[in-house]
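Engineer: Just dropping this structure here.
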Number of protein chains: 2
Amino acid sequence: MSRVNAGTKGVPRADRELQILRAACEVFGTMGFAKASVAGIAADAGISKPLVYQYFGSKEGLFLASFNYGAETLAAEMERVAADDSVGLERGLRTLDGLFRTLEPQPWLWRLLFDPSAPDDGEVAAARAVYTDRITRLAVEGVGELMRLVGDDDPLDASALTAVWMNAVDALITWWLDHPGVTPAEMTERCHRLITAISGAALPPQLAAHLGAELPVVSPGRTQ
Amino acid sequence: MSRVNAGTKGVPRADRELQILRAACEVFGTMGFAKASVAGIAADAGISKPLVYQYFGSKEGLFLASFNYGAETLAAEMERVAADDSVGLERGLRTLDGLFRTLEPQPWLWRLLFDPSAPDDGEVAAARAVYTDRITRLAVEGVGELMRLVGDDDPLDASALTAVWMNAVDALITWWLDHPGVTPAEMTERCHRLITAISGAALPPQLAAHLGAELPVVSPGRTQ
DNA sequence: GGGATATGACCTTTGAGTAAGTTACCTCAA
DNA sequence: TTGAGGTAACTTACTCAAAGGTCATATCCC
């Protein structure tokens, strides 16, 4: 007579998995792997802990699924932008714009990508390596163009600048997440102004050409 | 007759506290608060866990002492640089240089400052707020000058750029920590080259004057 | 009735924190 | 000089709570 709530509720596995995955992404992305509890995620998803284990095997398995979903979503968006014909700082700006738009409905995906409390071995580490490679490759491309443009061919300089660029993206997205109510479009404009400011207000002709050409930003009438 | 190893070894409290603090800084700074274990730190310091509790009260108390030590060391260095007469990007460069030199003997202090697994309430949060304020104030000053220089007076732009600058510093230090063997001086030169590159190779005259004046960097002959 | 969906109750590990006792040093009276 | 007592330094062996993970069982659909 106990265990009264047991028994199937007629929800197919695929549906439940998606439901659990969604809850897991939000919790892992918000609190990080270490502080998240499987029981908590199960509660958020409206089911019990053993079902999570039945479907995902372990906390790590659940994280892996969440990570793969989030990383694929973001990496795909960045690659989509990279496939465009934009170069240099304009490409950077378009990447940021794409990220803001992609993250708007599920901002926690960003933190999921860089969770420092995630396990650093096993399948999770492998998956992280794959996506880090995919994303870093794009950043390296962009930074490489810029370095060529200014005549610095030191590979370590390029490596360091890539790190700076990726952290700058992180900073901008984090800042945005801390300022709810700012739309992706506004944020993209802000990034454009900041790039201009950093470039010393007087961009060299090549870059100015790239920047001014295709993006309808900054000018008096703002999009939003 | 059991508990054979008990009993004082004649080491005064102040000495032991320092010894424990040193071990704690390294462990907390390397693995982060969450993954660090008090027993492990005690072992590293060559004493037993209860002694740590007798001297520091709790894991959080031990972390607080470590954090205060590290944060004070770094904040003091940044303020020392800020008290100089340098401005704008040169000041940024000097700040980086000071950090590289300060961190050389105890690099783990950096991660201690930004440990995301540290408790986010209680005394630790308060201490973090204090030091975050002190450090952010310096960054805001520097960024403010730059924004004035380029004519952007949007406070949110300044806020976002401050975040970008601080993350860029973090990126450079992290990159440096990942490349052992690079000296602080070499790293400072690299930062100079990167700032030049980002500025589009053609700095506006005001900045170029500042940069070129006092720092003997960038020129053809590289240290490494 | 068989298999998929589902759960309450349990086991187990890990690490923070504590109780209680042990040893050594220091001081001071005789 | 000595030795008795007080105190600071120090440890072993424990408690306790949280969270990952499992087991046995229950319900429902085909």
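Each chain in the structure tokens gets a letter, A, B, ..., in the order shown, and its residues are numbered from 1; ligands are numbered from 1 in order too.
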I'd like to know which residues of stretch 4-224 of chain B are alpha helix (DSSP H) (by DSSP, run on the backbone); could you write them as a VMD selection string?
Structural biologist: chain B and resid 13 to 35 38 to 45 49 to 56 59 to 83 88 to 103 109 to 113 122 to 150 155 to 177 184 to 198 205 to 214
Engineer: With chain B fixed, least-squares superpose chain A over all its C-alpha atoms paired in order and give the RMSD in Å.
Structural biologist: 0.6 Å
Engineer: For chain B against chain D, which residues fall within 12 Å using only C-alpha atoms (C1' of nucleotides), given as a list in words?
Structural biologist: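 The contacting residues on chain B are Met1, Ser2, Arg3, Val4, Asn5, Ala6, Gly7, Thr8, Lys9, Gly10, Val11, Pro12, Arg13, Ala14, Asp15, Arg16, Gly46, Ile47, Ser48, Lys49, Pro50, Leu51, Val52, Tyr53, Gln54 and Tyr55 of chain B.
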Engineer: Please save C-alpha atoms of the selected residues as a PDB file, in the first residue's frame.
Structural biologist:
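Once written, out-v2.pdb looks like this:
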```
ATOM      1  CA  MET B   1      49.345   4.832  25.757  1.00  0.00           C
ATOM      2  CA  SER B   2      47.558   5.427  22.480  1.00  0.00           C
ATOM      3  CA  ARG B   3      47.458   8.838  20.806  1.00  0.00           C
ATOM      4  CA  VAL B   4      51.238   8.605  20.814  1.00  0.00           C
ATOM      5  CA  ASN B   5      51.724  11.505  18.491  1.00  0.00           C
ATOM      6  CA  ALA B   6      49.710  13.908  20.590  1.00  0.00           C
ATOM      7  CA  GLY B   7      51.276  16.681  22.577  1.00  0.00           C
ATOM      8  CA  THR B   8      52.843  19.999  21.698  1.00  0.00           C
ATOM      9  CA  LYS B   9      55.913  20.193  19.502  1.00  0.00           C
ATOM     10  CA  GLY B  10      56.885  23.564  20.787  1.00  0.00           C
ATOM     11  CA  VAL B  11      55.854  25.494  17.682  1.00  0.00           C
ATOM     12  CA  PRO B  12      54.218  28.792  18.645  1.00  0.00           C
ATOM     13  CA  ARG B  13      50.743  29.495  17.336  1.00  0.00           C
ATOM     14  CA  ALA B  14      51.772  32.382  15.100  1.00  0.00           C
ATOM     15  CA  ASP B  15      54.281  30.199  13.263  1.00  0.00           C
ATOM     16  CA  ARG B  16      51.808  27.388  12.770  1.00  0.00           C
ATOM     17  CA  GLY B  46      52.292  18.816   8.233  1.00  0.00           C
ATOM     18  CA  ILE B  47      49.761  18.905  11.053  1.00  0.00           C
ATOM     19  CA  SER B  48      46.359  17.410  11.845  1.00  0.00           C
ATOM     20  CA  LYS B  49      42.899  18.627  11.003  1.00  0.00           C
ATOM     21  CA  PRO B  50      41.717  19.623  14.494  1.00  0.00           C
ATOM     22  CA  LEU B  51      44.610  22.041  14.821  1.00  0.00           C
ATOM     23  CA  VAL B  52      43.334  23.865  11.763  1.00  0.00           C
ATOM     24  CA  TYR B  53      39.928  24.119  13.364  1.00  0.00           C
ATOM     25  CA  GLN B  54      41.431  25.285  16.634  1.00  0.00           C
ATOM     26  CA  TYR B  55      43.229  28.127  14.860  1.00  0.00           C
TER      27      TYR B  55
END
```
Engineer: Can you check which residues of chain C have any atom within 7 Å of chain B? Use only C-alpha atoms (C1' of nucleotides) and format it as a list of chain:residue names.
Structural biologist: C:DT22, C:DT23, C:DA24
Engineer: Quick one: which residues from chain A are at most 6 Å off chain B, using only C-alpha atoms, as a ChimeraX atom specification?
Structural biologist: /A:150,163-164,167-168,171,197,199-201
Engineer: Identify, on the basis of only C-alpha atoms (C1' of nucleotides), every residue whose closest approach to stretch 130-142 of chain A does not exceed 6 Å; exclude the query and any residue fewer than 3 positions from it along the same chain; express the result as a count of residues only.
Structural biologist: 4
Engineer: For atom CA of B:Glu72 and atom CA of B:Leu103, quote the distance in Å rounded to one decimal.
Structural biologist: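 For atom CA of B:Glu72 relative to atom CA of B:Leu103, the distance reads 12.6 Å.
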